Structure formats: C-alpha cells, structure tokens
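Asks: Mind looking over this structure? Questions follow.
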Amino acid sequence: NTPVSAMQLYNYYIAGLIKKGDSYLSEYVSMSDDAAEIIARFDGTLDLRGLTSLSEKQAISLSKFKGEQIILGDLESISESTLGHICMAQTEGLSIGGAQKISENIAKILGGSKLTYLAMNILNILPDNAAKYLFSRDYETLNLTLKNPGMSDRGYEYLAKNSTAYMEYVMDGDLSDNAMKCLCRRNGYTYIYDKFMSDEAAKALAHGKGHVDYCELKSITDSAARILAKGDGEVSLQALCDVSKEAARLLMSKNNIHVNEECMNSIIRGGQPR
C-alpha cells in the first residue's frame, strides 16, 4: 500500500520487471509525482488500475504517454481537469474504471483524439452535448457502462449514427425500448446485457442494421420469438435456455439468429420442458 517511487521504478526497469505489456504496476494504490513522469515514458500497456487517486500534476505527466494504452481503475475521485489531461495522452487505448461524469469539454477531447479503444464507466447520465462529441467519431472498440437510463432520447440518436466496429453497452438496469431502437439502427457489433426482451425490442432487433449480441438473455416470450423470426437482423442469443418448443423451432430455423443449437435441440426433443 506504499506509493511507488521513481527509484523503485528505475530498479524494476533495470531488473527487467517492467517491460512492454507488463502489468506489475497494477499492484500500487498510489504513486509519487516523479514516478508519474517516469512511467509516462514507457511503451506498451500502462496498467494503473490499482490507483485510488490521481492528482492533476500526475495526469499532466501521463498526458505525454505514447504507448499502447492506459488502464485506470475505479478512482475514488477525479476532477474534470485531471481527466481531461489523461484523455489527451497520445495512446491507442484508454480505460477508465469510474468517472463521475463526462462533460462536453472532455467529450470534445475524446472525440478529437486518435484513440482506437475506449472503455469508460460513467457513474452519472451522459449529457446530450457530451454524447454528441463522444459519438462524433468511430472507434474500433467502445465499451460504455452507464447509469440507467444512460442518456436522453437525443443522446441515443447520436449513438445510433455511430458506426464503431465493436461496442459493449452495459446498463445498470433494463434498456428502454427507444434505446434499443437506436442501438439496432447503428452499424457494427453491439454487446448488451439486458435480461429481458420486450416485443418492441424484438421489432427493433428484427430489422437491425448491425449485429446485436444479447449476452445474458436466458428467456424470451413466444411473441418476441415470432417477431424476431420475421426479420433479417443479426442477433446472437447464445445464453438463451428457457423457451418453448415453438420458440426454439422458430429461432433455429433462422440463419440470422444465433442460438445454442444443443440447448434448443434439447428443448425441441422435450429434454428441457419449459
């Protein structure tokens, strides 16, 4: 629990304990200002997920980092200016475990960055103007964890226009039907973690542009299954295990709906009655 110092970093580097892609630094909960200056010169992944706090001076040093990615954990508190400096780092990937809010200014920095991977756990609702700038560009991978309901309808409209290749969208509650409609309108592969599918959500999925993966959905109604089977939207339902025989047959008959075939066949044979 002691801060990592510049001398420790130097000794670790000489001993070969710190090298490209090494996560040795993740054990530390704090660091000194001079240590921040040194690790900003490293290559590879800068794994600082153990830190519980980060000062603005340290963030200014880390803004000079040009390695592969920076990983921060669930910081107890981080100011907007401190977060802004981190977001200015010339790195390909940035992961922030917990940010109280994302302001318009920070979203502008992220939207104008060269990041290919961005992961953020935002502990409050994302404002419309911040959503506008955050989704103004595409990423290779975007991982967002938001507080329910996440965004306003306008924010979801901005999201619908984003074509990030792989998006992981996590909500601390069920997505609204409008949110689902917007997610289904965007191109790319979208992971969601809802455990319920309404008929309205099924309608959006049936005619979706991209591929939506319901990672944790275990059960759907017969009506939702019928609606899905009428469309050509790409949907993955690999966790699905509690459906009727009718629903299992319908879902298995569609090439655009991806289910656990062994589980569905078991239901059809009567091995797993509902």
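FYI, nothing fancy with the structure tokens labels: chains A, B, ... in order, residues from 1 per chain, ligands from 1 as they appear.
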For the alpha helix (DSSP H) assignment from backbone DSSP, which residues of segment 4-129 of chain A qualify? Please present them as a count of residues only.
Replies: 41
Asks: How close does each residue of segment 109-212 of chain A get to segment 220-238 of chain A, giving the shortest atom pair and distance in Å to one decimal for every residue with an atom at most 10 Å away, counting only C-alpha atoms, sorted by chain and residue number, as JSON lines?
Replies:
```
{"residue": "A:Cys184", "atom": "CA", "partner": "A:Gly233", "partner_atom": "CA", "distance": 8.7}
{"residue": "A:Tyr189", "atom": "CA", "partner": "A:Glu234", "partner_atom": "CA", "distance": 9.3}
{"residue": "A:Thr190", "atom": "CA", "partner": "A:Val235", "partner_atom": "CA", "distance": 9.6}
{"residue": "A:Tyr191", "atom": "CA", "partner": "A:Ser236", "partner_atom": "CA", "distance": 9.2}
{"residue": "A:Lys195", "atom": "CA", "partner": "A:Ile220", "partner_atom": "CA", "distance": 9.1}
{"residue": "A:Phe196", "atom": "CA", "partner": "A:Ile220", "partner_atom": "CA", "distance": 7.0}
{"residue": "A:Met197", "atom": "CA", "partner": "A:Ile220", "partner_atom": "CA", "distance": 6.3}
{"residue": "A:Ser198", "atom": "CA", "partner": "A:Ala224", "partner_atom": "CA", "distance": 6.8}
{"residue": "A:Asp199", "atom": "CA", "partner": "A:Ala224", "partner_atom": "CA", "distance": 5.0}
{"residue": "A:Glu200", "atom": "CA", "partner": "A:Ala224", "partner_atom": "CA", "distance": 8.4}
{"residue": "A:Ala201", "atom": "CA", "partner": "A:Ala224", "partner_atom": "CA", "distance": 8.4}
{"residue": "A:Ala202", "atom": "CA", "partner": "A:Ala224", "partner_atom": "CA", "distance": 5.6}
{"residue": "A:Lys203", "atom": "CA", "partner": "A:Ile227", "partner_atom": "CA", "distance": 6.1}
{"residue": "A:Ala204", "atom": "CA", "partner": "A:Gly233", "partner_atom": "CA", "distance": 8.6}
{"residue": "A:Leu205", "atom": "CA", "partner": "A:Gly233", "partner_atom": "CA", "distance": 5.9}
{"residue": "A:Ala206", "atom": "CA", "partner": "A:Gly231", "partner_atom": "CA", "distance": 4.2}
{"residue": "A:His207", "atom": "CA", "partner": "A:Gly233", "partner_atom": "CA", "distance": 4.8}
{"residue": "A:Gly208", "atom": "CA", "partner": "A:Gly233", "partner_atom": "CA", "distance": 4.7}
{"residue": "A:Lys209", "atom": "CA", "partner": "A:Gly233", "partner_atom": "CA", "distance": 6.6}
{"residue": "A:Gly210", "atom": "CA", "partner": "A:Glu234", "partner_atom": "CA", "distance": 6.6}
{"residue": "A:His211", "atom": "CA", "partner": "A:Glu234", "partner_atom": "CA", "distance": 4.7}
{"residue": "A:Val212", "atom": "CA", "partner": "A:Val235", "partner_atom": "CA", "distance": 5.0}
```
Asks: Next, write the just-selected residues to a file, as a tab-separated table (two decimals), in the first residue's frame, keeping N, CA and C atoms as the atom set.
Replies:
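Wrote out17.tsv, looks like this:
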```tsv
chain	number	residue	atom	x	y	z
A	184	CYS	N	-30.06	-0.64	-32.37
A	184	CYS	CA	-30.27	-1.51	-33.53
A	184	CYS	C	-30.11	-0.77	-34.86
A	189	TYR	N	-21.03	-4.23	-34.39
A	189	TYR	CA	-21.40	-5.32	-33.48
A	189	TYR	C	-21.61	-4.71	-32.10
A	190	THR	N	-22.78	-4.97	-31.50
A	190	THR	CA	-23.11	-4.38	-30.21
A	190	THR	C	-23.42	-5.47	-29.18
A	191	TYR	N	-22.68	-5.44	-28.07
A	191	TYR	CA	-22.94	-6.35	-26.96
A	191	TYR	C	-23.82	-5.62	-25.94
A	195	LYS	N	-31.58	-8.57	-19.51
A	195	LYS	CA	-32.07	-9.91	-19.20
A	195	LYS	C	-33.56	-10.07	-19.55
A	196	PHE	N	-34.09	-9.08	-20.29
A	196	PHE	CA	-35.49	-9.13	-20.72
A	196	PHE	C	-35.59	-8.51	-22.11
A	197	MET	N	-36.43	-9.13	-22.96
A	197	MET	CA	-36.66	-8.59	-24.30
A	197	MET	C	-38.16	-8.36	-24.49
A	198	SER	N	-38.53	-7.11	-24.66
A	198	SER	CA	-39.93	-6.77	-24.91
A	198	SER	C	-40.26	-7.02	-26.37
A	199	ASP	N	-41.53	-7.01	-26.71
A	199	ASP	CA	-41.94	-7.16	-28.11
A	199	ASP	C	-41.43	-5.99	-28.95
A	200	GLU	N	-41.41	-4.79	-28.36
A	200	GLU	CA	-40.92	-3.62	-29.08
A	200	GLU	C	-39.43	-3.75	-29.38
A	201	ALA	N	-38.67	-4.28	-28.40
A	201	ALA	CA	-37.25	-4.50	-28.63
A	201	ALA	C	-37.04	-5.55	-29.71
A	202	ALA	N	-37.88	-6.59	-29.71
A	202	ALA	CA	-37.78	-7.63	-30.73
A	202	ALA	C	-38.03	-7.06	-32.12
A	203	LYS	N	-38.97	-6.13	-32.23
A	203	LYS	CA	-39.25	-5.49	-33.53
A	203	LYS	C	-38.03	-4.73	-34.03
A	204	ALA	N	-37.36	-4.01	-33.11
A	204	ALA	CA	-36.16	-3.27	-33.50
A	204	ALA	C	-35.04	-4.22	-33.91
A	205	LEU	N	-34.88	-5.30	-33.19
A	205	LEU	CA	-33.84	-6.28	-33.49
A	205	LEU	C	-34.10	-6.98	-34.82
A	206	ALA	N	-35.36	-7.25	-35.10
A	206	ALA	CA	-35.71	-7.97	-36.32
A	206	ALA	C	-35.29	-7.24	-37.58
A	207	HIS	N	-35.18	-5.93	-37.50
A	207	HIS	CA	-34.82	-5.13	-38.68
A	207	HIS	C	-33.58	-4.28	-38.42
A	208	GLY	N	-32.70	-4.75	-37.51
A	208	GLY	CA	-31.49	-4.01	-37.16
A	208	GLY	C	-30.47	-3.98	-38.29
A	209	LYS	N	-29.63	-2.95	-38.29
A	209	LYS	CA	-28.60	-2.80	-39.33
A	209	LYS	C	-27.36	-3.62	-39.00
A	210	GLY	N	-26.98	-3.60	-37.72
A	210	GLY	CA	-25.76	-4.29	-37.32
A	210	GLY	C	-26.05	-5.65	-36.71
A	211	HIS	N	-25.16	-6.08	-35.81
A	211	HIS	CA	-25.30	-7.36	-35.12
A	211	HIS	C	-25.39	-7.07	-33.63
A	212	VAL	N	-26.49	-7.51	-32.99
A	212	VAL	CA	-26.68	-7.29	-31.55
A	212	VAL	C	-26.55	-8.62	-30.83
```
Asks: Write out as CSV a residue-level contact list of segment 92-207 of chain A versus segment 35-57 of chain A with cut-off 12 Å: for each qualifying residue the closest pair of atoms and the distance in Å to one decimal, counting only C-alpha atoms, rows sorted by chain and residue number upward.
Replies:
```
residue,atom,partner,partner_atom,distance
A:Glu92,CA,A:Thr45,CA,9.9
A:Gly93,CA,A:Thr45,CA,8.8
A:Leu94,CA,A:Leu46,CA,9.7
A:Ser95,CA,A:Arg49,CA,9.1
A:Ile96,CA,A:Arg49,CA,8.5
A:Gly97,CA,A:Arg49,CA,7.7
A:Gly98,CA,A:Thr52,CA,10.4
A:Ala99,CA,A:Ser53,CA,11.7
```
Asks: Can you pull out the residues contacting segment 185-188 of chain A? Cut-off 8 Å, using only C-alpha atoms, and skip same-chain residues under 4 positions away; I want them as a PyMOL selection string.
Replies: chain A and resi 159-167+181+208-211
Asks: In terms of the shortest atom-to-atom distance over only C-alpha atoms, which of A:Ser266, A:Ser152, A:Thr91, A:Ser32 is closest to Lys114 of chain A?
Replies: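 With only C-alpha atoms as the atom set, the closest residue is A:Thr91.
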Asks: So the first atom is atom CA of Arg154 of chain A and the second is atom CA of Ser79 of chain A; what is the distance between them in Å, to one decimal place?
Replies: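 These atoms are spaced 26.2 Å apart.
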